[in-house]
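> Structure file data_2.tsv (TSV, C-alpha atoms) is given on the next line.
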chain	number	residue	atom	x	y	z
A	1152	MET	CA	-5.60	-6.62	-21.62
A	1153	GLN	CA	-6.21	-3.21	-23.20
A	1154	MET	CA	-5.25	0.30	-22.12
A	1155	LYS	CA	-8.71	1.66	-22.88
A	1156	GLU	CA	-10.15	-0.67	-20.24
A	1157	TYR	CA	-7.92	0.82	-17.58
A	1158	HIS	CA	-8.76	4.32	-18.80
A	1159	LYS	CA	-12.38	3.49	-17.96
A	1160	VAL	CA	-11.32	2.39	-14.49
A	1161	ILE	CA	-9.42	5.65	-13.97
A	1162	ALA	CA	-12.32	7.72	-15.29
A	1163	GLY	CA	-14.59	5.91	-12.82
A	1164	LYS	CA	-12.32	6.91	-9.95
A	1165	PHE	CA	-12.66	10.58	-10.85
A	1166	LYS	CA	-16.44	10.29	-10.97
A	1167	GLN	CA	-16.56	9.37	-7.28
A	1168	ASN	CA	-17.88	12.05	-4.96
A	1169	ARG	CA	-15.87	13.21	-1.95
A	1170	GLY	CA	-17.61	10.88	0.45
A	1171	GLN	CA	-16.84	7.87	-1.73
A	1172	VAL	CA	-13.17	8.79	-2.11
A	1173	TRP	CA	-12.79	9.46	1.61
A	1174	SER	CA	-14.59	6.32	2.79
A	1175	ARG	CA	-12.89	4.03	0.26
A	1176	SER	CA	-9.50	5.44	1.19
A	1177	ILE	CA	-10.19	4.94	4.90
A	1178	LEU	CA	-11.28	1.38	4.10
A	1179	ALA	CA	-8.01	0.68	2.29
A	1180	GLY	CA	-6.03	1.95	5.28
A	1181	VAL	CA	-8.01	-0.30	7.61
A	1182	VAL	CA	-7.66	-3.39	5.42
A	1183	LEU	CA	-3.94	-2.94	4.82
A	1184	SER	CA	-3.36	-2.42	8.55
A	1185	CYS	CA	-5.14	-5.69	9.30
A	1186	ALA	CA	-2.98	-7.39	6.69
A	1187	GLY	CA	0.09	-5.84	8.29
A	1188	LEU	CA	-0.91	-7.08	11.73
A	1189	ILE	CA	-1.58	-10.65	10.61
A	1190	SER	CA	1.79	-10.60	8.85
A	1191	VAL	CA	3.51	-9.48	12.08
A	1192	ILE	CA	1.67	-12.18	14.04
A	1193	ALA	CA	2.70	-14.88	11.55
A	1194	THR	CA	6.33	-13.78	11.81
A	1195	ALA	CA	6.19	-13.72	15.61
A	1196	LEU	CA	4.52	-17.12	15.97
A	1197	PHE	CA	6.05	-19.08	13.12
A	1198	GLY	CA	9.08	-17.10	11.98
A	1199	ASN	CA	8.08	-17.91	8.41
A	1200	LEU	CA	8.61	-15.10	5.91
A	1201	VAL	CA	6.79	-16.93	3.12
A	1202	LEU	CA	3.68	-17.35	5.26
A	1203	SER	CA	3.73	-13.77	6.52
A	1204	SER	CA	4.18	-12.36	3.01
A	1205	LEU	CA	1.36	-14.55	1.68
A	1206	LEU	CA	-1.00	-13.38	4.42
A	1207	PHE	CA	-0.09	-9.75	3.80
A	1208	SER	CA	-0.79	-10.12	0.07
A	1209	PHE	CA	-4.44	-10.88	0.81
A	1210	GLY	CA	-4.71	-7.29	2.02
A	1211	LEU	CA	-4.35	-5.99	-1.54
A	1212	VAL	CA	-6.64	-8.75	-2.82
A	1213	MET	CA	-9.35	-7.48	-0.47
A	1214	ILE	CA	-8.69	-3.84	-1.37
A	1215	ILE	CA	-9.12	-4.55	-5.09
A	1216	LEU	CA	-12.18	-6.75	-4.59
A	1217	LEU	CA	-13.77	-4.11	-2.33
A	1218	GLY	CA	-12.97	-1.28	-4.75
A	1219	ALA	CA	-11.12	0.55	-1.97
A	1220	GLU	CA	-8.64	3.32	-2.79
A	1221	LEU	CA	-4.97	2.81	-1.90
A	1222	PHE	CA	-2.45	5.59	-2.46
A	1223	THR	CA	0.22	3.39	-4.00
A	1224	SER	CA	-1.92	1.68	-6.61
A	1225	ASN	CA	-3.66	5.00	-7.31
A	1226	CYS	CA	-0.39	6.26	-8.78
A	1227	LEU	CA	-1.55	4.56	-11.99
A	1228	VAL	CA	-4.07	7.36	-12.54
A	1229	VAL	CA	-1.28	9.16	-14.40
A	1230	LEU	CA	-2.00	6.78	-17.28
A	1231	ARG	CA	-4.77	9.23	-18.11
A	1232	PRO	CA	-2.86	12.51	-17.72
A	1233	ARG	CA	-5.63	14.72	-19.09
A	1234	GLN	CA	-7.73	13.91	-16.05
A	1235	PRO	CA	-7.83	17.01	-13.81
A	1236	LYS	CA	-6.64	17.13	-10.20
A	1237	ILE	CA	-4.50	13.98	-10.36
A	1238	PHE	CA	-2.08	15.07	-7.66
A	1239	SER	CA	-4.73	16.50	-5.37
A	1240	ARG	CA	-6.60	13.20	-5.59
A	1241	LEU	CA	-3.44	11.27	-4.69
A	1242	ALA	CA	-2.92	13.57	-1.70
A	1243	VAL	CA	-6.50	13.05	-0.50
A	1244	VAL	CA	-6.24	9.26	-0.81
A	1245	TYR	CA	-2.93	9.31	1.08
A	1246	ILE	CA	-4.36	11.39	3.94
A	1247	PHE	CA	-7.45	9.22	4.32
A	1248	ASN	CA	-5.39	6.02	4.08
A	1249	LEU	CA	-3.52	7.41	7.08
A	1250	LEU	CA	-6.80	8.16	8.84
A	1251	GLY	CA	-7.92	4.57	8.26
A	1252	VAL	CA	-4.64	3.30	9.70
A	1253	VAL	CA	-4.99	5.47	12.80
A	1254	ILE	CA	-8.62	4.45	13.35
A	1255	ILE	CA	-8.01	0.69	13.22
A	1256	THR	CA	-4.76	0.95	15.20
A	1257	THR	CA	-6.60	2.86	17.92
A	1258	PHE	CA	-9.21	0.12	18.17
A	1259	LEU	CA	-6.59	-2.65	18.15
A	1260	TRP	CA	-4.64	-0.88	20.88
A	1261	GLY	CA	-7.78	-0.17	22.92
A	1262	ALA	CA	-8.74	-3.84	22.72
A	1263	GLY	CA	-5.28	-4.86	23.94
A	1264	LEU	CA	-4.54	-6.80	20.77
A	1265	LEU	CA	-1.16	-5.20	20.08
A	1266	GLU	CA	0.55	-5.78	23.42
A	1267	SER	CA	1.63	-9.35	22.73
A	1268	TYR	CA	3.51	-8.21	19.63
A	1269	GLN	CA	4.97	-4.97	20.98
A	1270	ASP	CA	8.57	-6.17	20.64
A	1271	ASN	CA	8.03	-7.25	17.04
A	1272	LEU	CA	6.34	-3.96	16.15
A	1273	LEU	CA	9.05	-1.85	17.79
A	1274	SER	CA	11.81	-3.90	16.16
A	1275	SER	CA	10.23	-3.50	12.73
A	1276	ALA	CA	9.66	0.23	13.24
A	1277	THR	CA	13.24	0.76	14.39
A	1278	THR	CA	14.68	-1.17	11.45
A	1279	LYS	CA	12.65	0.88	8.99
A	1280	ALA	CA	13.48	4.17	10.67
A	1281	ASN	CA	17.21	3.43	10.58
A	1282	LEU	CA	17.41	2.89	6.83
A	1283	THR	CA	19.30	5.51	4.84
A	1284	PRO	CA	17.25	7.95	2.73
A	1285	VAL	CA	18.67	6.40	-0.45
A	1286	ALA	CA	17.62	2.92	0.69
A	1287	MET	CA	14.15	4.19	1.60
A	1288	LEU	CA	13.78	5.91	-1.77
A	1289	PHE	CA	14.83	2.98	-3.93
A	1290	SER	CA	13.12	0.40	-1.75
A	1291	GLY	CA	9.91	2.42	-1.94
A	1292	ALA	CA	10.17	2.59	-5.72
A	1293	ILE	CA	10.60	-1.20	-5.96
A	1294	ALA	CA	7.66	-1.81	-3.64
A	1295	ASN	CA	5.20	0.30	-5.59
A	1296	PHE	CA	6.42	-0.94	-8.95
A	1297	LEU	CA	5.35	-4.39	-7.76
A	1298	VAL	CA	2.13	-3.11	-6.17
A	1299	CYS	CA	1.15	-1.47	-9.46
A	1300	ILE	CA	1.83	-4.72	-11.33
A	1301	ALA	CA	-0.52	-6.43	-8.88
A	1302	SER	CA	-3.14	-3.70	-9.29
A	1303	TRP	CA	-2.93	-3.85	-13.09
A	1304	LEU	CA	-3.33	-7.64	-13.14
A	1305	GLY	CA	-6.04	-7.54	-10.49
A	1306	THR	CA	-8.06	-5.14	-12.62
A	1307	HIS	CA	-7.69	-6.95	-15.94
A	1308	GLU	CA	-7.50	-10.68	-15.25
A	1309	LYS	CA	-10.34	-12.95	-14.20
A	1310	GLY	CA	-10.80	-15.83	-11.78
A	1311	SER	CA	-7.79	-17.53	-10.21
A	1312	THR	CA	-5.43	-15.75	-12.61
A	1313	ARG	CA	-6.56	-12.46	-11.10
A	1314	ILE	CA	-5.86	-13.60	-7.55
A	1315	PHE	CA	-2.43	-15.04	-8.35
A	1316	GLY	CA	-1.65	-11.90	-10.33
A	1317	ILE	CA	-2.18	-9.89	-7.16
A	1318	ILE	CA	-0.54	-12.27	-4.69
A	1319	LEU	CA	2.79	-12.96	-6.39
A	1320	PRO	CA	4.02	-9.34	-6.81
A	1321	ILE	CA	2.93	-8.46	-3.26
A	1322	MET	CA	4.63	-11.51	-1.79
A	1323	THR	CA	7.77	-10.50	-3.66
A	1324	PHE	CA	7.94	-6.99	-2.24
A	1325	VAL	CA	7.24	-8.24	1.30
A	1326	MET	CA	9.84	-11.01	1.11
A	1327	ILE	CA	12.57	-8.68	-0.15
A	1328	LYS	CA	11.52	-6.23	2.59
A	1329	ALA	CA	10.79	-3.32	0.25
A	1330	GLU	CA	9.18	-0.25	1.79
A	1331	HIS	CA	5.48	0.59	1.41
A	1332	SER	CA	4.31	3.93	2.84
A	1333	ILE	CA	0.83	2.86	3.96
A	1334	ALA	CA	2.04	-0.42	5.47
A	1335	ASN	CA	4.74	1.56	7.29
A	1336	MET	CA	2.09	3.91	8.65
A	1337	PHE	CA	0.57	0.95	10.49
A	1338	ILE	CA	3.91	-0.29	11.84
A	1339	PHE	CA	4.81	3.18	13.11
A	1340	ALA	CA	1.34	3.88	14.52
A	1341	ALA	CA	1.29	0.53	16.33
A	1342	ALA	CA	4.80	1.15	17.68
A	1343	ILE	CA	3.76	4.59	18.97
A	1344	PHE	CA	0.60	3.25	20.61
A	1345	THR	CA	2.34	0.34	22.32
A	1346	SER	CA	5.47	2.22	23.43
A	1347	GLY	CA	4.02	5.66	24.06
A	1348	HIS	CA	6.93	7.24	22.20
A	1349	PHE	CA	6.98	9.13	18.92
A	1350	GLU	CA	10.15	9.29	16.83
A	1351	LEU	CA	10.84	11.91	14.16
A	1352	ALA	CA	12.67	9.18	12.26
A	1353	TYR	CA	9.25	7.67	11.51
A	1354	LEU	CA	8.24	10.79	9.59
A	1355	ASN	CA	11.57	10.78	7.78
A	1356	ASN	CA	10.92	7.23	6.64
A	1357	LEU	CA	7.41	8.05	5.45
A	1358	LEU	CA	8.70	11.06	3.51
A	1359	TRP	CA	11.36	9.17	1.55
A	1360	VAL	CA	9.32	6.00	1.12
A	1361	THR	CA	6.32	7.99	-0.15
A	1362	ILE	CA	8.53	9.72	-2.71
A	1363	GLY	CA	9.95	6.34	-3.69
A	1364	ASN	CA	6.49	4.79	-3.95
A	1365	THR	CA	5.40	7.64	-6.21
A	1366	ILE	CA	8.44	7.24	-8.46
A	1367	GLY	CA	7.91	3.48	-8.70
A	1368	GLY	CA	4.23	3.87	-9.55
A	1369	PHE	CA	4.87	6.54	-12.17
A	1370	LEU	CA	7.71	4.48	-13.67
A	1371	PHE	CA	5.46	1.45	-14.08
A	1372	ALA	CA	2.78	3.69	-15.61
A	1373	LEU	CA	5.35	5.05	-18.09
A	1374	ILE	CA	6.37	1.52	-19.10
A	1375	LEU	CA	2.72	0.55	-19.55
A	1376	TYR	CA	2.13	3.65	-21.67
A	1377	PHE	CA	4.84	2.73	-24.14
A	1378	ALA	CA	4.00	-0.98	-24.02
A	1379	TYR	CA	0.38	-0.37	-25.00
A	1380	LYS	CA	0.71	2.94	-26.84
A	1381	GLY	CA	-1.72	3.13	-29.76
A	1382	GLN	CA	-3.65	0.07	-28.64
A	1383	LYS	CA	-7.36	0.40	-29.27
Take the structure from the file and write it as structure tokens.

Amino acid sequence: MQMKEYHKVIAGKFKQNRGQVWSRSILAGVVLSCAGLISVIATALFGNLVLSSLLFSFGLVMIILLGAELFTSNCLVVLRPRQPKIFSRLAVVYIFNLLGVVIITTFLWGAGLLESYQDNLLSSATTKANLTPVAMLFSGAIANFLVCIASWLGTHEKGSTRIFGIILPIMTFVMIKAEHSIANMFIFAAAIFTSGHFELAYLNNLLWVTIGNTIGGFLFALILYFAYKGQK
């Protein structure tokens, strides 16, 4: 595993045209929403946190294999700080992740596939919205620290090692109920669609969790920088 390899990955991201960034970001929002839904279904049907966290982890596996762009894992672009427009790129990916979430949630709602799990979705949304800002911030940092570990391993490792390297950190953050901004977007969007009610507390959660996710991602990038500093 070498830093220069990841620098190439980051450079490749900045060579994408607008259409590629937008479409890949939308794709990531769609995939993660599907992973979120299957996780909710597993919890509702089986009440098994291990199973639901495992199923959710395949969302990030698919995102990495597809080359889709997820806001949280994209925080690692700061590993190449001389790259221009880092923060504007992160903002664009975040916005189009949200668009992907809204698109797939609209279709799921229109197809009547969310109604059976309305209570679970509303319960999850309420629990998240009622967290304190400090809890949201630190929980978000933990979540993205683990997501970035998964992204790093998923980019560098090969074969089964690559898959397990993605799954284990993601299962960890789901099982400890850490907060992930894009996953929360789906929970809140699904809760709004099924209940017909919008709560300002949802936006408050997304604000603090997004800040926490950013801190966690940048912190992991900083650790990687010093761990592999000077490596050729």
> Looking at only C-alpha atoms, which of A:Thr1257, A:Tyr1268, A:Ala1341, A:Val1244 is the one that sits closest to Ile1192 (chain A)?
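Answer, going by the shortest atom-to-atom distance: A:Tyr1268.
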> Between A:Ser1174, A:Thr1283, A:Thr1365, A:Ser1290, which is the closest to Ile1246 (chain A) once you count only C-alpha atoms?
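Of A:Ser1174, A:Thr1283, A:Thr1365, A:Ser1290, the one nearest Ile1246 (chain A) is A:Ser1174, counting only C-alpha atoms.
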> Quick one: distance from CA of Gly1251 (chain A) to CA of Leu1264 (chain A) in Å, one decimal?
17.2 Å
> Set the distance at 6 Å and use all atoms listed in the file: which residues neighbour region 1320-1337 of chain A once local chain neighbours fewer than 3 positions away are removed? I'd like the list as a list in words.
Ser1184, Ser1204, Leu1205, Ser1208, Val1252, Ser1290, Gly1291, Ala1294, Leu1297, Ala1301, Ala1340, Ala1341, Leu1357, Val1360 and Thr1361 of chain A
> For CA of Gly1367 (chain A) and CA of Ile1317 (chain A), quote the distance in Å rounded to one decimal.
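Pair CA of Gly1367 (chain A) / CA of Ile1317 (chain A) returns 16.8 Å.
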> Compare A:Phe1371, A:Phe1339, A:Phe1197, A:Phe1296 by their minimum atom-to-atom distance to Leu1249 (chain A), counting all atoms listed in the file, and give me the closest one.
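Result for the nearest residue to Leu1249 (chain A): A:Phe1339.
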> Using only C-alpha atoms, determine which residues lie at most 7 Å from region 1216-1221 of chain A, disregarding the query and same-chain residues fewer than 3 positions distant; provide the list as a ChimeraX atom specification.
/A:1175-1176,1178-1179,1212-1213,1224-1225,1244,1248
> Find the distance between CA of Ile1215 (chain A) and CA of Phe1377 (chain A) and write it in Å to one decimal.
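CA of Phe1377 (chain A) lies at a distance of 24.7 Å from CA of Ile1215 (chain A).
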> Neighbours of Val1229 (chain A) within 8 Å (all atoms listed in the file; same-chain residues fewer than 3 positions away dropped), as a PyMOL selection string?
chain A and resi 1226+1232+1237+1369+1372
> Closest to Arg1169 (chain A) among A:Leu1319, A:Val1243, A:Leu1304, A:Ile1366, using all atoms listed in the file?
A:Val1243
> Tell me which of A:Leu1200, A:Val1191, A:Asn1168, A:Leu1230 sits closest to Ser1267 (chain A), counting all atoms listed in the file.
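Once distances to Ser1267 (chain A) are computed over all atoms listed in the file, the minimum belongs to A:Val1191.
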> List the neighbours of Ile1338 (chain A) out to 10 Å using only C-alpha atoms; skip same-chain residues closer than 4 positions along the sequence, and give me the result as an NGL selection string.
:A and (1184 or 1187-1188 or 1191 or 1252 or 1256 or 1271-1277 or 1279 or 1332-1334 or 1342-1343 or 1353)
> Using all atoms listed in the file, find the one residue out of A:Val1172, A:Ile1318, A:Cys1185, A:Ile1177 that sits nearest to Ser1239 (chain A).
A:Val1172
